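Chemist: For reference, the file coords17.tsv (TSV, C-alpha atoms) is included below:
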chain	number	residue	atom	x	y	z
A	1	MET	CA	-97.18	-91.36	-59.51
A	2	TYR	CA	-95.83	-89.97	-62.78
A	3	THR	CA	-96.92	-86.52	-63.87
A	4	PHE	CA	-96.72	-85.51	-67.51
A	5	LEU	CA	-97.57	-82.32	-69.39
A	6	LEU	CA	-97.99	-82.27	-73.12
A	7	TYR	CA	-97.78	-78.88	-74.84
A	8	ILE	CA	-99.57	-78.72	-78.17
A	9	THR	CA	-100.64	-76.05	-80.66
A	10	GLY	CA	-104.31	-76.46	-81.57
A	11	ARG	CA	-106.24	-79.68	-81.88
A	12	ARG	CA	-105.91	-80.80	-85.45
A	13	GLN	CA	-106.24	-84.44	-86.41
A	14	LYS	CA	-102.48	-84.99	-86.41
A	15	THR	CA	-102.28	-83.65	-82.85
A	16	LEU	CA	-105.26	-85.72	-81.70
A	17	ASP	CA	-103.54	-88.81	-83.13
A	18	LEU	CA	-100.36	-87.89	-81.27
A	19	ILE	CA	-102.30	-87.56	-78.01
A	20	GLU	CA	-103.92	-90.97	-78.55
A	21	THR	CA	-100.54	-92.58	-79.29
A	22	LEU	CA	-99.00	-91.00	-76.21
A	23	LYS	CA	-101.90	-92.03	-73.97
A	24	GLY	CA	-101.58	-95.58	-75.27
A	25	PHE	CA	-97.86	-95.60	-74.51
A	26	LEU	CA	-98.27	-94.10	-71.01
A	27	THR	CA	-101.09	-96.49	-70.09
A	28	GLU	CA	-99.06	-99.46	-71.30
A	29	ARG	CA	-95.94	-98.41	-69.38
A	30	PHE	CA	-97.34	-96.75	-66.27
A	31	LYS	CA	-100.83	-98.35	-66.03
A	32	ASP	CA	-102.98	-96.01	-63.91
A	33	GLN	CA	-99.96	-94.57	-62.11
A	34	TYR	CA	-99.73	-91.44	-64.20
A	35	SER	CA	-101.52	-88.20	-65.01
A	36	LEU	CA	-101.32	-86.37	-68.31
A	37	GLU	CA	-102.26	-82.73	-68.62
A	38	ILE	CA	-102.66	-81.29	-72.10
A	39	VAL	CA	-101.74	-77.63	-72.48
A	40	ASP	CA	-102.85	-76.03	-75.73
A	41	VAL	CA	-100.60	-73.01	-76.22
A	42	LEU	CA	-103.24	-71.33	-78.38
A	43	GLU	CA	-105.53	-71.31	-75.34
A	44	ASP	CA	-102.85	-70.67	-72.74
A	45	PRO	CA	-99.83	-68.96	-74.31
A	46	ARG	CA	-98.66	-67.51	-70.98
A	47	ARG	CA	-98.25	-70.99	-69.49
A	48	ALA	CA	-95.92	-72.02	-72.31
A	49	GLU	CA	-93.86	-68.87	-71.87
A	50	GLU	CA	-93.64	-69.35	-68.08
A	51	ASP	CA	-92.60	-72.98	-68.54
A	52	MET	CA	-90.00	-71.99	-71.17
A	53	ILE	CA	-91.57	-74.09	-73.87
A	54	LEU	CA	-89.93	-73.16	-77.18
A	55	ALA	CA	-91.74	-75.51	-79.55
A	56	THR	CA	-94.61	-77.96	-79.70
A	57	PRO	CA	-95.19	-80.82	-79.34
A	58	THR	CA	-93.18	-80.95	-76.12
A	59	LEU	CA	-93.65	-83.59	-73.44
A	60	VAL	CA	-92.52	-82.77	-69.91
A	61	LYS	CA	-92.26	-85.30	-67.14
A	62	SER	CA	-92.51	-83.13	-64.05
A	63	ALA	CA	-92.60	-85.91	-61.44
A	64	PRO	CA	-90.94	-87.95	-60.13
A	65	PRO	CA	-87.68	-85.99	-60.41
A	66	PRO	CA	-85.60	-85.33	-62.41
A	67	ILE	CA	-87.74	-83.21	-64.75
A	68	ARG	CA	-87.38	-84.36	-68.36
A	69	LYS	CA	-88.37	-82.48	-71.45
A	70	ILE	CA	-88.71	-84.07	-74.88
A	71	ILE	CA	-89.48	-82.30	-78.13
A	72	GLY	CA	-90.76	-83.99	-81.21
A	73	ASP	CA	-91.96	-87.41	-82.12
A	74	PHE	CA	-93.27	-89.86	-79.55
A	75	ARG	CA	-94.05	-92.73	-81.89
A	76	ASN	CA	-90.97	-94.76	-81.01
A	77	SER	CA	-92.10	-96.00	-77.62
A	78	GLN	CA	-88.80	-97.76	-76.82
A	79	ASP	CA	-86.77	-94.59	-77.33
A	80	LEU	CA	-89.34	-92.55	-75.45
A	81	PHE	CA	-89.30	-94.92	-72.49
A	82	ALA	CA	-85.48	-94.91	-72.43
A	83	LEU	CA	-85.45	-91.11	-72.53
A	84	LEU	CA	-88.01	-90.77	-69.77
A	85	ASN	CA	-86.02	-93.08	-67.55
A	86	SER	CA	-82.59	-91.70	-68.39
A	87	ARG	CA	-81.05	-89.59	-65.66
A	88	ASP	CA	-79.44	-87.22	-68.17
A	89	HIS	CA	-82.48	-85.38	-69.34
A	90	ALA	CA	-83.57	-82.18	-67.74
B	1	MET	CA	-72.01	-83.88	-92.57
B	2	GLU	CA	-71.98	-83.45	-96.35
B	3	GLU	CA	-71.29	-79.70	-96.29
B	4	ALA	CA	-68.33	-80.26	-94.03
B	5	LYS	CA	-66.77	-82.77	-96.42
B	6	GLN	CA	-67.29	-80.39	-99.32
B	7	ALA	CA	-65.80	-77.53	-97.35
B	8	GLU	CA	-62.73	-79.59	-96.46
B	9	PHE	CA	-62.27	-80.59	-100.06
B	10	TRP	CA	-62.65	-76.99	-101.16
B	11	LEU	CA	-60.16	-75.76	-98.55
B	12	ASN	CA	-57.60	-78.43	-99.44
B	13	GLU	CA	-57.87	-77.76	-103.14
B	14	ARG	CA	-57.78	-73.99	-102.79
B	15	SER	CA	-54.97	-74.01	-100.26
B	16	THR	CA	-52.83	-76.33	-102.34
B	17	MET	CA	-53.39	-74.24	-105.44
B	18	ASP	CA	-52.63	-70.94	-103.72
B	19	HIS	CA	-49.75	-71.85	-101.44
B	20	GLY	CA	-48.86	-75.44	-102.02
B	21	GLU	CA	-49.41	-76.02	-98.27
B	22	LYS	CA	-52.00	-77.76	-96.14
B	23	PRO	CA	-54.60	-75.40	-94.64
B	24	ARG	CA	-54.25	-74.62	-90.95
B	25	VAL	CA	-56.74	-76.02	-88.44
B	26	GLN	CA	-57.92	-72.53	-87.51
B	27	ASP	CA	-58.68	-71.89	-91.20
B	28	HIS	CA	-61.02	-74.88	-91.10
B	29	GLU	CA	-62.65	-73.68	-87.91
B	30	GLU	CA	-63.16	-70.20	-89.28
B	31	PHE	CA	-64.53	-71.60	-92.51
B	32	PHE	CA	-66.99	-73.94	-90.77
B	33	ARG	CA	-68.02	-71.18	-88.39
B	34	LEU	CA	-68.87	-68.98	-91.37
B	35	ILE	CA	-70.89	-71.79	-92.96
B	36	VAL	CA	-72.89	-72.29	-89.77
B	37	GLU	CA	-73.38	-68.56	-89.23
B	38	HIS	CA	-74.57	-68.01	-92.78
B	39	SER	CA	-76.80	-71.07	-92.89
B	40	ALA	CA	-80.41	-70.19	-93.70
B	41	ASP	CA	-81.45	-73.17	-91.55
B	42	ALA	CA	-81.58	-72.78	-87.81
B	43	ILE	CA	-79.06	-74.96	-85.98
B	44	ILE	CA	-79.33	-75.71	-82.29
B	45	VAL	CA	-76.88	-77.97	-80.52
B	46	VAL	CA	-78.03	-79.48	-77.24
B	47	ASP	CA	-76.39	-81.83	-74.76
B	48	ARG	CA	-77.87	-85.04	-73.40
B	49	GLY	CA	-79.77	-83.00	-70.84
B	50	GLY	CA	-81.52	-81.03	-73.59
B	51	LEU	CA	-79.66	-77.84	-72.60
B	52	VAL	CA	-78.73	-75.49	-75.43
B	53	ARG	CA	-74.97	-75.38	-76.02
B	54	PHE	CA	-74.94	-73.46	-79.26
B	55	LEU	CA	-77.28	-71.83	-81.76
B	56	ASN	CA	-76.64	-69.96	-84.97
B	57	PRO	CA	-78.11	-66.56	-86.02
B	58	ALA	CA	-80.86	-68.29	-88.07
B	59	ALA	CA	-82.01	-70.03	-84.88
B	60	GLU	CA	-82.07	-66.71	-83.00
B	61	GLN	CA	-84.28	-65.37	-85.79
B	62	LEU	CA	-86.55	-68.42	-85.95
B	63	PHE	CA	-87.15	-68.48	-82.19
B	64	GLY	CA	-87.28	-64.68	-81.91
B	65	ARG	CA	-84.85	-64.80	-78.97
B	66	PRO	CA	-81.21	-63.74	-78.68
B	67	ALA	CA	-78.62	-66.44	-78.06
B	68	GLY	CA	-78.08	-65.07	-74.56
B	69	GLN	CA	-81.63	-66.06	-73.64
B	70	MET	CA	-81.27	-69.59	-74.96
B	71	VAL	CA	-77.73	-70.88	-74.36
B	72	GLY	CA	-77.61	-72.89	-71.16
B	73	LYS	CA	-81.41	-73.06	-71.01
B	74	SER	CA	-83.54	-76.13	-71.57
B	75	PHE	CA	-84.69	-76.71	-75.13
B	76	GLY	CA	-85.65	-80.31	-74.48
B	77	PHE	CA	-84.26	-83.45	-75.96
B	78	PRO	CA	-85.03	-83.37	-79.71
B	79	MET	CA	-86.50	-86.73	-80.63
B	80	ALA	CA	-86.67	-87.08	-84.39
B	81	PHE	CA	-83.94	-89.47	-85.40
B	82	GLY	CA	-83.96	-90.41	-89.04
B	83	ILE	CA	-87.22	-88.66	-89.85
B	84	PRO	CA	-88.03	-85.01	-90.44
B	85	LEU	CA	-90.56	-83.73	-87.96
B	86	GLU	CA	-92.83	-80.69	-88.01
B	87	LEU	CA	-92.70	-78.44	-84.98
B	88	ASN	CA	-94.55	-75.29	-84.07
B	89	ILE	CA	-92.00	-72.74	-82.97
B	90	LEU	CA	-93.25	-70.44	-80.22
B	91	ARG	CA	-91.94	-66.89	-80.43
B	92	PRO	CA	-92.48	-64.36	-77.66
B	93	GLY	CA	-95.04	-61.77	-78.75
B	94	GLN	CA	-95.02	-62.98	-82.35
B	95	GLU	CA	-96.90	-65.40	-84.59
B	96	SER	CA	-95.64	-68.95	-84.26
B	97	ARG	CA	-93.75	-70.49	-87.18
B	98	VAL	CA	-93.65	-74.05	-88.48
B	99	ALA	CA	-90.28	-75.73	-88.84
B	100	GLU	CA	-89.11	-79.10	-90.04
B	101	MET	CA	-86.61	-80.58	-87.63
B	102	ARG	CA	-83.92	-83.17	-88.32
B	103	VAL	CA	-81.61	-84.39	-85.62
B	104	ALA	CA	-78.08	-85.72	-85.86
B	105	GLU	CA	-75.89	-87.14	-83.13
B	106	ILE	CA	-72.42	-85.61	-82.86
B	107	ALA	CA	-69.68	-87.38	-80.93
B	108	GLN	CA	-67.60	-84.53	-79.56
B	109	LEU	CA	-64.48	-85.53	-77.60
B	110	ASN	CA	-65.84	-87.30	-74.53
B	111	GLU	CA	-69.49	-86.37	-74.78
B	112	THR	CA	-72.34	-86.77	-77.23
B	113	LEU	CA	-74.18	-83.71	-78.48
B	114	TYR	CA	-77.27	-83.49	-80.65
B	115	MET	CA	-77.68	-81.10	-83.53
B	116	ALA	CA	-81.25	-80.09	-84.38
B	117	ASN	CA	-81.47	-78.60	-87.83
B	118	LEU	CA	-84.67	-76.60	-88.26
B	119	ARG	CA	-85.95	-75.32	-91.59
B	120	ASP	CA	-88.72	-72.72	-91.59
B	121	ILE	CA	-91.56	-74.21	-93.68
B	122	THR	CA	-94.33	-71.85	-92.55
B	123	GLU	CA	-95.09	-70.65	-96.07
B	124	LEU	CA	-94.98	-74.18	-97.47
B	125	VAL	CA	-97.46	-75.37	-94.83
B	126	ARG	CA	-99.77	-72.44	-95.58
B	127	LEU	CA	-99.76	-73.33	-99.29
B	128	ARG	CA	-100.26	-77.01	-98.48
B	129	GLU	CA	-103.29	-76.14	-96.34
B	130	GLU	CA	-104.64	-73.92	-99.08
B	131	LEU	CA	-104.31	-76.72	-101.63
B	132	ARG	CA	-105.85	-79.22	-99.24
B	133	THR	CA	-108.79	-76.90	-98.62
B	134	MET	CA	-109.23	-76.35	-102.36
B	135	ALA	CA	-109.17	-80.09	-102.99
B	136	LEU	CA	-111.69	-80.88	-100.26
B	137	LEU	CA	-114.23	-78.09	-100.74
B	138	ASP	CA	-117.00	-77.63	-103.27
B	139	ASP	CA	-116.43	-74.38	-105.20
B	140	LEU	CA	-120.11	-73.53	-105.64
B	141	THR	CA	-121.48	-74.03	-102.13
B	142	GLY	CA	-118.36	-73.89	-99.96
B	143	LEU	CA	-119.38	-77.19	-98.36
B	144	ASN	CA	-117.06	-80.19	-98.29
B	145	ASN	CA	-116.96	-82.07	-101.58
B	146	ARG	CA	-117.20	-85.87	-101.80
B	147	ARG	CA	-113.48	-86.32	-101.14
B	148	GLY	CA	-113.68	-83.97	-98.18
B	149	PHE	CA	-116.68	-85.85	-96.84
B	150	SER	CA	-114.90	-89.20	-97.16
B	151	THR	CA	-111.72	-87.88	-95.54
B	152	LEU	CA	-113.47	-86.26	-92.58
B	153	GLY	CA	-116.08	-89.03	-92.38
B	154	GLN	CA	-113.46	-91.79	-92.08
B	155	GLN	CA	-111.87	-89.91	-89.17
B	156	GLN	CA	-115.27	-89.69	-87.47
B	157	VAL	CA	-115.89	-93.40	-88.01
B	158	LYS	CA	-112.62	-94.16	-86.17
B	159	LEU	CA	-113.57	-91.83	-83.33
B	160	ALA	CA	-117.08	-93.32	-83.15
B	161	ASP	CA	-115.58	-96.83	-82.93
B	162	ARG	CA	-113.20	-95.75	-80.20
B	163	ALA	CA	-115.93	-94.02	-78.17
B	164	GLN	CA	-118.53	-96.67	-79.07
B	165	ARG	CA	-121.06	-94.04	-80.11
B	166	GLY	CA	-123.47	-94.10	-83.00
B	167	MET	CA	-124.17	-91.45	-85.63
B	168	PHE	CA	-126.54	-90.84	-88.50
B	169	LEU	CA	-125.73	-90.28	-92.12
B	170	LEU	CA	-128.43	-88.26	-93.83
B	171	PHE	CA	-128.40	-88.29	-97.62
B	172	SER	CA	-130.49	-85.65	-99.37
B	173	ASP	CA	-131.21	-84.86	-102.97
B	174	LEU	CA	-132.54	-81.61	-104.39
B	175	ASP	CA	-135.61	-82.65	-106.42
B	176	ASN	CA	-136.13	-81.39	-109.95
B	177	LEU	CA	-132.78	-79.65	-110.43
B	178	LYS	CA	-132.92	-80.43	-114.14
B	179	LEU	CA	-136.34	-78.85	-114.38
B	180	ILE	CA	-135.11	-75.72	-112.58
B	181	ASN	CA	-132.14	-75.52	-114.96
B	182	ASP	CA	-134.32	-76.03	-118.04
B	183	THR	CA	-137.02	-73.62	-116.90
B	184	PHE	CA	-135.02	-70.79	-115.32
B	185	GLY	CA	-131.49	-71.35	-116.60
B	186	HIS	CA	-128.32	-72.75	-115.07
B	187	HIS	CA	-127.65	-69.66	-113.01
B	188	GLU	CA	-130.92	-70.28	-111.15
B	189	GLY	CA	-130.03	-73.96	-110.83
B	190	ASP	CA	-126.75	-72.94	-109.17
B	191	GLN	CA	-128.68	-70.57	-106.91
B	192	ALA	CA	-131.01	-73.43	-105.88
B	193	LEU	CA	-127.98	-75.54	-104.93
B	194	ILE	CA	-126.48	-72.68	-102.90
B	195	GLU	CA	-129.81	-72.20	-101.08
B	196	THR	CA	-130.05	-75.92	-100.41
B	197	ALA	CA	-126.52	-75.87	-99.00
B	198	ASP	CA	-127.49	-72.95	-96.74
B	199	ILE	CA	-130.58	-74.81	-95.52
B	200	HIS	CA	-128.35	-77.73	-94.53
B	201	ARG	CA	-125.92	-75.40	-92.76
B	202	GLU	CA	-128.75	-73.74	-90.83
B	203	THR	CA	-130.28	-77.08	-89.85
B	204	PHE	CA	-127.26	-78.97	-88.58
B	205	ARG	CA	-124.56	-78.28	-86.04
B	206	GLN	CA	-121.20	-76.82	-86.97
B	207	SER	CA	-119.54	-79.97	-85.69
B	208	ASP	CA	-121.54	-82.12	-88.13
B	209	ILE	CA	-119.94	-82.85	-91.48
B	210	ILE	CA	-121.97	-81.42	-94.33
B	211	ALA	CA	-121.04	-81.97	-97.95
B	212	ARG	CA	-122.23	-81.69	-101.51
B	213	VAL	CA	-121.33	-85.17	-102.69
B	214	GLY	CA	-122.77	-85.02	-106.21
B	215	GLY	CA	-124.51	-82.65	-108.63
B	216	ASP	CA	-127.73	-82.34	-106.62
B	217	GLU	CA	-126.79	-84.64	-103.72
B	218	PHE	CA	-125.89	-83.63	-100.20
B	219	ALA	CA	-124.75	-85.69	-97.23
B	220	VAL	CA	-124.61	-84.93	-93.54
B	221	LEU	CA	-122.81	-86.96	-90.95
B	222	ALA	CA	-124.60	-86.04	-87.75
B	223	ILE	CA	-122.02	-86.69	-85.05
B	224	GLU	CA	-123.15	-87.96	-81.69
B	225	SER	CA	-126.73	-88.63	-82.75
B	226	HIS	CA	-128.49	-91.46	-80.96
B	227	LYS	CA	-130.39	-94.22	-82.69
B	228	GLY	CA	-133.82	-92.65	-82.26
B	229	SER	CA	-132.86	-89.23	-83.62
B	230	GLY	CA	-132.76	-89.99	-87.37
B	231	GLU	CA	-136.38	-89.11	-88.09
B	232	ILE	CA	-136.04	-85.97	-85.96
B	233	LEU	CA	-133.03	-84.83	-88.03
B	234	ALA	CA	-134.91	-85.44	-91.30
B	235	ALA	CA	-138.01	-83.63	-89.97
B	236	ARG	CA	-135.87	-80.68	-88.86
B	237	LEU	CA	-134.43	-80.39	-92.36
B	238	GLN	CA	-137.89	-80.47	-93.97
B	239	GLU	CA	-139.14	-77.88	-91.47
B	240	ARG	CA	-136.26	-75.55	-92.31
B	241	LEU	CA	-137.03	-76.08	-95.99
B	242	ARG	CA	-140.71	-75.13	-95.45
B	243	THR	CA	-139.63	-71.92	-93.73
B	244	HIS	CA	-137.33	-71.15	-96.64
B	245	ASN	CA	-140.07	-71.82	-99.20
B	246	ALA	CA	-142.48	-69.58	-97.30
B	247	GLN	CA	-140.41	-66.51	-98.19
B	248	ARG	CA	-142.12	-64.07	-100.50
B	249	ASN	CA	-141.52	-63.68	-104.22
B	250	ARG	CA	-140.29	-67.20	-104.77
B	251	ARG	CA	-140.76	-68.41	-108.34
B	252	TYR	CA	-140.62	-72.04	-107.28
B	253	LYS	CA	-140.37	-74.09	-104.14
B	254	LEU	CA	-137.40	-76.23	-103.28
B	255	SER	CA	-138.03	-79.88	-102.52
B	256	ILE	CA	-135.62	-82.33	-100.94
B	257	SER	CA	-135.79	-86.12	-100.67
B	258	VAL	CA	-134.02	-87.60	-97.70
B	259	GLY	CA	-132.56	-91.01	-96.84
B	260	LEU	CA	-131.00	-92.14	-93.58
B	261	ASP	CA	-128.59	-94.73	-92.35
B	262	TYR	CA	-127.41	-95.31	-88.80
B	263	TYR	CA	-123.80	-96.07	-87.96
B	264	ASP	CA	-123.71	-98.67	-85.27
B	265	PRO	CA	-120.18	-99.01	-83.81
B	266	THR	CA	-120.87	-102.64	-82.91
B	267	CYS	CA	-121.30	-103.32	-86.64
B	268	PRO	CA	-118.49	-101.29	-88.31
B	269	ARG	CA	-118.91	-100.06	-91.89
B	270	SER	CA	-116.94	-97.72	-94.08
B	271	ILE	CA	-118.14	-94.21	-94.81
B	272	ASP	CA	-118.71	-95.21	-98.47
B	273	GLU	CA	-120.96	-98.10	-97.40
B	274	LEU	CA	-122.92	-95.71	-95.21
B	275	LEU	CA	-123.30	-93.30	-98.11
B	276	ASP	CA	-124.53	-96.07	-100.42
B	277	ARG	CA	-127.11	-97.28	-97.90
B	278	ALA	CA	-128.39	-93.77	-97.17
B	279	ASP	CA	-128.47	-93.07	-100.92
B	280	ARG	CA	-130.66	-96.16	-101.48
B	281	SER	CA	-132.94	-95.09	-98.64
B	282	MET	CA	-133.25	-91.63	-100.23
B	283	TYR	CA	-134.03	-93.13	-103.62
B	284	GLU	CA	-136.88	-95.15	-102.11
B	285	GLN	CA	-138.31	-91.99	-100.60
B	286	LYS	CA	-138.00	-90.18	-103.92
B	287	GLN	CA	-139.84	-92.97	-105.73
B	288	LYS	CA	-142.67	-92.73	-103.22
B	289	LYS	CA	-142.91	-88.99	-103.42
B	290	ARG	CA	-142.78	-88.29	-107.15
B	291	ASN	CA	-144.23	-84.87	-106.59
B	292	THR	CA	-143.82	-81.81	-108.71
B	293	THR	CA	-142.45	-78.81	-106.94
B	294	ILE	CA	-142.00	-76.32	-109.71
B	295	THR	CA	-144.66	-73.65	-109.55
B	296	ASP	CA	-144.53	-70.77	-111.93
Take the structure from the file and write it as structure tokens.

Modeler:
Amino acid sequence: MYTFLLYITGRRQKTLDLIETLKGFLTERFKDQYSLEIVDVLEDPRRAEEDMILATPTLVKSAPPPIRKIIGDFRNSQDLFALLNSRDHA
Amino acid sequence: MEEAKQAEFWLNERSTMDHGEKPRVQDHEEFFRLIVEHSADAIIVVDRGGLVRFLNPAAEQLFGRPAGQMVGKSFGFPMAFGIPLELNILRPGQESRVAEMRVAEIAQLNETLYMANLRDITELVRLREELRTMALLDDLTGLNNRRGFSTLGQQQVKLADRAQRGMFLLFSDLDNLKLINDTFGHHEGDQALIETADIHRETFRQSDIIARVGGDEFAVLAIESHKGSGEILAARLQERLRTHNAQRNRRYKLSISVGLDYYDPTCPRSIDELLDRADRSMYEQKQKKRNTTITD
């Protein structure tokens, strides 16, 4: 089971579109074998600080190990998939 | 890196002119270090693991954290190749900033590093939002204007399609605006429009999209309304209007004609088509009514 966290700032249209794109990508790649938690830093700033999140949007794959953290644009699904599966990224 | 090429050219030229010798490697390093340190843009260099290897003073300022707190820590892998990307920068105990990030790959000896260049565009974004708001809002009533209604409405149509839920578009027209203007003056006509806008605001939910789409025309996209609720919405508006008209010392009563159209996600239509259909429905009601509401 893959566990993802997406840190966002507010829920403007652009962010909602990003969430939809990401959900589409995750469903396509991981079917129902994943969970995605959305953390809005406006609602939960302490969580972002505790998790050392420096900017949004940031996607964290917390399981299975290794933990991978990606900042930025998730539209290129091929690059995103390669990054999530690369062993380099912490 | 364009700046680097320029710097090398400058060093070569200057060195040759001054001493007739090639500049030393350490001169280059010192020169490039100064460029990076004085750059107004934040520069963060990360390795393939997303760990911070280097940041310049502008980055310390942008992130509101000293280098000691960031070097060796996880920034994350910056994914924005070839395109500038807007990020919200989170700063401990301070307002967040907006930065545009560009990423370049740097082959350094036997490893590849990634340079994220971040430009603070907070003020630019604020101005952009201000302009967007000005362009989408009606000056007189503070409601969305037609463009704002179309922009927000199209987004709602997409969401309604995705969720397979219906919604109502209610089109209303303030009756006899010309008569109010002619009888009491344009200031009173403006006041009637402001009151009509307020009646709409008080009747519908904050999540509904309310707009003044023409001189005396208003539109409401009632989100998440089921097929049987159209008449209820129209009746609620008329009821609110009656309450408003019942206030003392009114020189005239406001009257509104209403038309409805239902958005059925199984039969997709554009927001403009919905507006046209609701407008026609309103016009039919107006023709039937033909009442006079001005009372002196």

Chemist: Using Å and a single decimal, report how far CA of Ala135 in chain B sits from CA of Arg97 in chain B.

Modeler: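 Going from CA of Arg97 in chain B over to CA of Ala135 in chain B, I get 24.1 Å.
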
Chemist: Which residue out of B:Asp47, B:Asp208, B:Glu37, B:Glu224 has the minimum interatomic distance to Ala59 in chain B when only C-alpha atoms are used?

Modeler: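 Smallest separation from Ala59 in chain B among the options: B:Glu37.
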
Chemist: How close does chain A get to chain B? List, as JSON lines, each residue of chain A within 9 Å, its nearest atom pair and the distance in Å to one decimal, counting all atoms listed in the file.

Modeler:
{"residue": "A:Ile8", "atom": "CA", "partner": "B:Asn88", "partner_atom": "CA", "distance": 8.5}
{"residue": "A:Thr9", "atom": "CA", "partner": "B:Asn88", "partner_atom": "CA", "distance": 7.0}
{"residue": "A:Gln13", "atom": "CA", "partner": "B:Gln155", "partner_atom": "CA", "distance": 8.3}
{"residue": "A:Val41", "atom": "CA", "partner": "B:Leu90", "partner_atom": "CA", "distance": 8.8}
{"residue": "A:Pro45", "atom": "CA", "partner": "B:Leu90", "partner_atom": "CA", "distance": 9.0}
{"residue": "A:Ala48", "atom": "CA", "partner": "B:Leu90", "partner_atom": "CA", "distance": 8.5}
{"residue": "A:Glu49", "atom": "CA", "partner": "B:Pro92", "partner_atom": "CA", "distance": 7.5}
{"residue": "A:Met52", "atom": "CA", "partner": "B:Ser74", "partner_atom": "CA", "distance": 7.7}
{"residue": "A:Ile53", "atom": "CA", "partner": "B:Phe75", "partner_atom": "CA", "distance": 7.5}
{"residue": "A:Leu54", "atom": "CA", "partner": "B:Leu90", "partner_atom": "CA", "distance": 5.3}
{"residue": "A:Ala55", "atom": "CA", "partner": "B:Ile89", "partner_atom": "CA", "distance": 4.4}
{"residue": "A:Thr56", "atom": "CA", "partner": "B:Asn88", "partner_atom": "CA", "distance": 5.1}
{"residue": "A:Pro57", "atom": "CA", "partner": "B:Leu87", "partner_atom": "CA", "distance": 6.6}
{"residue": "A:Thr58", "atom": "CA", "partner": "B:Gly76", "partner_atom": "CA", "distance": 7.7}
{"residue": "A:Leu59", "atom": "CA", "partner": "B:Gly76", "partner_atom": "CA", "distance": 8.7}
{"residue": "A:Val60", "atom": "CA", "partner": "B:Gly76", "partner_atom": "CA", "distance": 8.6}
{"residue": "A:Arg68", "atom": "CA", "partner": "B:Gly76", "partner_atom": "CA", "distance": 7.5}
{"residue": "A:Lys69", "atom": "CA", "partner": "B:Gly76", "partner_atom": "CA", "distance": 4.6}
{"residue": "A:Ile70", "atom": "CA", "partner": "B:Phe77", "partner_atom": "CA", "distance": 4.6}
{"residue": "A:Ile71", "atom": "CA", "partner": "B:Pro78", "partner_atom": "CA", "distance": 4.8}
{"residue": "A:Gly72", "atom": "CA", "partner": "B:Met79", "partner_atom": "CA", "distance": 5.1}
{"residue": "A:Asp73", "atom": "CA", "partner": "B:Met79", "partner_atom": "CA", "distance": 5.7}
{"residue": "A:Phe74", "atom": "CA", "partner": "B:Met79", "partner_atom": "CA", "distance": 7.5}
{"residue": "A:Asp79", "atom": "CA", "partner": "B:Met79", "partner_atom": "CA", "distance": 8.5}
{"residue": "A:Leu80", "atom": "CA", "partner": "B:Met79", "partner_atom": "CA", "distance": 8.3}
{"residue": "A:Leu83", "atom": "CA", "partner": "B:Phe77", "partner_atom": "CA", "distance": 8.5}
{"residue": "A:Arg87", "atom": "CA", "partner": "B:Gly49", "partner_atom": "CA", "distance": 8.5}
{"residue": "A:Asp88", "atom": "CA", "partner": "B:Gly49", "partner_atom": "CA", "distance": 5.0}
{"residue": "A:His89", "atom": "CA", "partner": "B:Gly49", "partner_atom": "CA", "distance": 3.9}
{"residue": "A:Ala90", "atom": "CA", "partner": "B:Gly49", "partner_atom": "CA", "distance": 5.0}

Chemist: Could you pull the residues within 6 Å of range 32-35 of chain A, counting only C-alpha atoms, minus those fewer than 4 positions along the same chain, as a VMD selection string?

Modeler: chain A and resid 1 to 3

Chemist: Calculate how many Å separate CA of Phe81 in chain A from CA of Arg29 in chain A, rounding to one decimal.

Modeler: 8.1 Å

Chemist: Which is closest to Leu170 in chain B among B:Leu113, B:Ala278, B:Ala235, B:Ile256, if we use only C-alpha atoms?

Modeler: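 Using only C-alpha atoms, the shortest distance to Leu170 in chain B belongs to B:Ala278.
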
Chemist: For Ile271 in chain B, which of B:Leu140, B:Val258, B:Val220, B:Leu179 is the closest residue, counting only C-alpha atoms?

Modeler: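 Using only C-alpha atoms, the shortest distance to Ile271 in chain B belongs to B:Val220.
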
Chemist: Considering all atoms listed in the file, return as a list of chain:residue names whatever protein or nucleic-acid residues lie within 12 Å of Asp161 in chain B, sequence-local ones (same chain, fewer than 6 positions apart) excluded.

Modeler: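 My reading of the contact set: B:Gln154, B:Gln155, B:Met167, B:Glu224, B:Tyr263, B:Asp264, B:Pro265, B:Thr266, B:Cys267, B:Pro268, B:Arg269, B:Ser270.
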
Chemist: Using CA of Leu143 in chain B and CA of Gly214 in chain B as the two end points, give the distance in Å to one decimal.

Modeler: 11.6 Å

Chemist: I need every residue sitting at most 10 Å from the point (-128.2, -88.2, -98.4) (coordinates as in the file, all atoms listed in the file considered), written as number ranges by chain.

Modeler: B: 169-174, 211-213, 217-221, 256-261, 274-283

Chemist: Show which residues sit within 9 Å of Arg75 in chain A, as a PyMOL selection string. Count only C-alpha atoms, and ignore same-chain residues fewer than 5 positions away.

Modeler: chain A and resi 18+21-22+25+80

Chemist: Can you write just those residues out, C-alpha atoms, as a tab-separated table (two decimals), in the coordinates of the input?

Modeler:
chain	number	residue	atom	x	y	z
A	18	LEU	CA	-100.36	-87.89	-81.27
A	21	THR	CA	-100.54	-92.58	-79.29
A	22	LEU	CA	-99.00	-91.00	-76.21
A	25	PHE	CA	-97.86	-95.60	-74.51
A	80	LEU	CA	-89.34	-92.55	-75.45
